[in-house]
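Colleague: Take a look at this one; I'll ask things after.
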Amino acid sequence: GTARAETVLGKPAEVRGGGFSQVRVQKVDSRRAEPKLPDPPMTAVRILEKPRPAYTEQARLLRIEGSVLLEVLFAASGEVKVLRVIRGLDEGLDRNAVQAALRIRFEPARRDGRATAARALVTIQFQLAY
């Protein structure tokens, strides 16, 4: 239809769309306009020393063997943080596995030459000597 801005009997006339009803407006994401740069290469955490966990007396008597799986954060500062026990054996051995993990010595992961934090799964093995 045509758009008319004249008045009819002192009242404004109805103005109808001028052919724009089929136009769709799309939001432009300016961030997508630039090509995405690849992440700088990252080197993995390097374990230098993984201490043996201590057995509890109860686990030794019950002859419990196996592994505790932990989710760990290796901080850029060289500190180990145990985030959670994913798979445990028993309360005492799980606690000792966490204590052993906290004593792990490592070289932090590196991104673009700088130390950076990295999450990892760590297995702490409990095995009785025969």
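In the structure tokens, the first chain shown is A, the next is B, and so on; residue numbers restart at 1 for each chain, and ligands run from 1 in the order shown.
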List the neighbours of segment 98-111 of chain A out to 7 Å using only C-alpha atoms; skip same-chain residues closer than 6 positions along the sequence, and give me the result as a list in words.
Modeller: Pro40, Pro41, Met42, Thr43, Ala44, Val45, Arg46, Ile47, Leu48, Glu49, Lys50, Pro51, Arg52, Pro53, Phe74, Ala75, Ala76, Gly78, Val80, Lys81, Val82, Ala117 and Ala118 of chain A
Colleague: Residues as selected, N, CA, C and O atoms, written as a compact mmCIF listing (two decimals), in the first residue's frame, can you do that?
Modeller:
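Saved as again-v7.txt:
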```txt
# COMPACT_ATOMS: atom_id res chain seq x y z
N PRO A 40 47.45 -20.36 21.62
CA PRO A 40 48.89 -20.63 21.60
C PRO A 40 49.15 -22.07 22.02
O PRO A 40 48.38 -22.63 22.80
N PRO A 41 50.21 -22.67 21.51
CA PRO A 41 50.49 -24.07 21.88
C PRO A 41 50.69 -24.22 23.38
O PRO A 41 51.23 -23.33 24.03
N MET A 42 50.24 -25.35 23.91
CA MET A 42 50.34 -25.60 25.34
C MET A 42 51.14 -26.88 25.57
O MET A 42 50.92 -27.87 24.88
N THR A 43 52.05 -26.83 26.53
CA THR A 43 52.77 -28.04 26.91
C THR A 43 52.14 -28.58 28.19
O THR A 43 51.64 -27.81 29.00
N ALA A 44 52.16 -29.88 28.34
CA ALA A 44 51.51 -30.53 29.47
C ALA A 44 52.32 -30.40 30.76
O ALA A 44 53.51 -30.09 30.72
N VAL A 45 51.65 -30.66 31.87
CA VAL A 45 52.30 -30.74 33.18
C VAL A 45 53.31 -31.89 33.12
O VAL A 45 53.05 -32.93 32.53
N ARG A 46 54.46 -31.69 33.74
CA ARG A 46 55.47 -32.75 33.80
C ARG A 46 55.68 -33.13 35.26
O ARG A 46 56.13 -32.31 36.07
N ILE A 47 55.31 -34.38 35.61
CA ILE A 47 55.46 -34.87 36.98
C ILE A 47 56.93 -35.17 37.24
O ILE A 47 57.57 -35.91 36.50
N LEU A 48 57.46 -34.59 38.31
CA LEU A 48 58.86 -34.82 38.69
C LEU A 48 58.97 -35.87 39.78
O LEU A 48 59.89 -36.67 39.80
N GLU A 49 58.01 -35.85 40.71
CA GLU A 49 58.03 -36.82 41.81
C GLU A 49 56.60 -37.05 42.29
O GLU A 49 55.86 -36.11 42.54
N LYS A 50 56.24 -38.34 42.40
CA LYS A 50 54.90 -38.72 42.86
C LYS A 50 55.10 -39.61 44.10
O LYS A 50 55.45 -40.77 43.97
N PRO A 51 54.91 -39.05 45.30
CA PRO A 51 55.15 -39.81 46.53
C PRO A 51 54.22 -41.01 46.67
O PRO A 51 53.09 -40.99 46.18
N ARG A 52 54.72 -42.03 47.36
CA ARG A 52 53.90 -43.21 47.66
C ARG A 52 52.89 -42.85 48.74
O ARG A 52 53.24 -42.19 49.71
N PRO A 53 51.66 -43.33 48.60
CA PRO A 53 50.67 -43.06 49.65
C PRO A 53 50.89 -44.00 50.84
O PRO A 53 51.41 -45.11 50.69
N PHE A 74 46.75 -28.52 38.80
CA PHE A 74 48.17 -28.19 38.92
C PHE A 74 48.28 -26.69 38.64
O PHE A 74 48.16 -26.26 37.49
N ALA A 75 48.47 -25.89 39.69
CA ALA A 75 48.47 -24.43 39.55
C ALA A 75 49.77 -23.95 38.92
O ALA A 75 50.81 -24.61 39.01
N ALA A 76 49.72 -22.80 38.28
CA ALA A 76 50.90 -22.20 37.67
C ALA A 76 51.97 -21.91 38.72
O ALA A 76 53.17 -21.93 38.42
N GLY A 78 52.90 -23.81 41.09
CA GLY A 78 53.57 -25.02 41.54
C GLY A 78 52.81 -25.74 42.64
O GLY A 78 53.24 -26.77 43.13
N VAL A 80 49.59 -27.88 44.20
CA VAL A 80 48.62 -28.90 43.79
C VAL A 80 47.35 -28.69 44.59
O VAL A 80 47.41 -28.53 45.81
N LYS A 81 46.21 -28.69 43.92
CA LYS A 81 44.92 -28.62 44.61
C LYS A 81 44.09 -29.83 44.17
O LYS A 81 43.87 -30.03 42.98
N VAL A 82 43.65 -30.62 45.14
CA VAL A 82 42.79 -31.76 44.83
C VAL A 82 41.36 -31.25 44.78
O VAL A 82 40.84 -30.73 45.76
N ALA A 117 47.80 -22.86 34.75
CA ALA A 117 47.13 -23.93 35.50
C ALA A 117 46.57 -24.97 34.53
O ALA A 117 46.21 -24.65 33.40
N ALA A 118 46.51 -26.21 35.00
CA ALA A 118 45.96 -27.30 34.19
C ALA A 118 45.28 -28.31 35.10
O ALA A 118 45.80 -28.64 36.17
```
Colleague: With a distance cut-off of 12 Å and only C-alpha atoms, select the neighbouring residues of Gln58 of chain A, excluding the residue or stretch itself and same-chain residues fewer than 6 positions from it, and output the selection as a list in words.
Modeller: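 Close residues of Gln58 of chain A: Ile64, Glu65, Asp90, Glu91, Gly92 and Leu93 of chain A.
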Colleague: Find the residues near Val122 of chain A: any atom within 7 Å, counting only C-alpha atoms, skip ones fewer than 2 places away on the same chain, and give them as an MDAnalysis selection string.
Modeller: chainID A and resid 69:72 120 124
Colleague: Keeping only N, CA and C atoms, take the residues you just selected and write them out as a short mmCIF file (atom, residue, chain, number, x, y, z; two decimals), in the first residue's frame.
Modeller:
```
data_model
loop_
_atom_site.label_atom_id
_atom_site.label_comp_id
_atom_site.auth_asym_id
_atom_site.auth_seq_id
_atom_site.Cartn_x
_atom_site.Cartn_y
_atom_site.Cartn_z
N LEU A 69 41.23 -42.51 42.13
CA LEU A 69 41.29 -41.57 41.01
C LEU A 69 40.87 -40.19 41.49
N LEU A 70 41.75 -39.22 41.31
CA LEU A 70 41.52 -37.86 41.78
C LEU A 70 41.48 -36.88 40.61
N GLU A 71 40.65 -35.85 40.73
CA GLU A 71 40.72 -34.72 39.81
C GLU A 71 41.55 -33.66 40.51
N VAL A 72 42.62 -33.22 39.84
CA VAL A 72 43.61 -32.34 40.45
C VAL A 72 43.82 -31.11 39.58
N ALA A 120 43.88 -32.20 35.71
CA ALA A 120 44.27 -33.54 35.26
C ALA A 120 43.65 -34.58 36.17
N ILE A 124 46.30 -42.70 42.12
CA ILE A 124 47.18 -43.04 43.25
C ILE A 124 46.98 -44.53 43.51
#
```
Colleague: Measuring atom to atom with only C-alpha atoms, identify which of A:Asn96, A:Leu73, A:Ile86, A:Asp112 is nearest to Glu57 of chain A.
Modeller: A:Asn96
Colleague: Point out the residue among A:Leu128, A:Leu121, A:Ala115, A:Ala54 with the least atom-to-atom distance to Gly66 of chain A, counting only C-alpha atoms.
Modeller: A:Leu128
Colleague: Quick one, how far is atom CA of Arg95 of chain A from atom CA of Arg60 of chain A?
Modeller: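 If I compute the distance from atom CA of Arg95 of chain A to atom CA of Arg60 of chain A, I get 15.0 Å.
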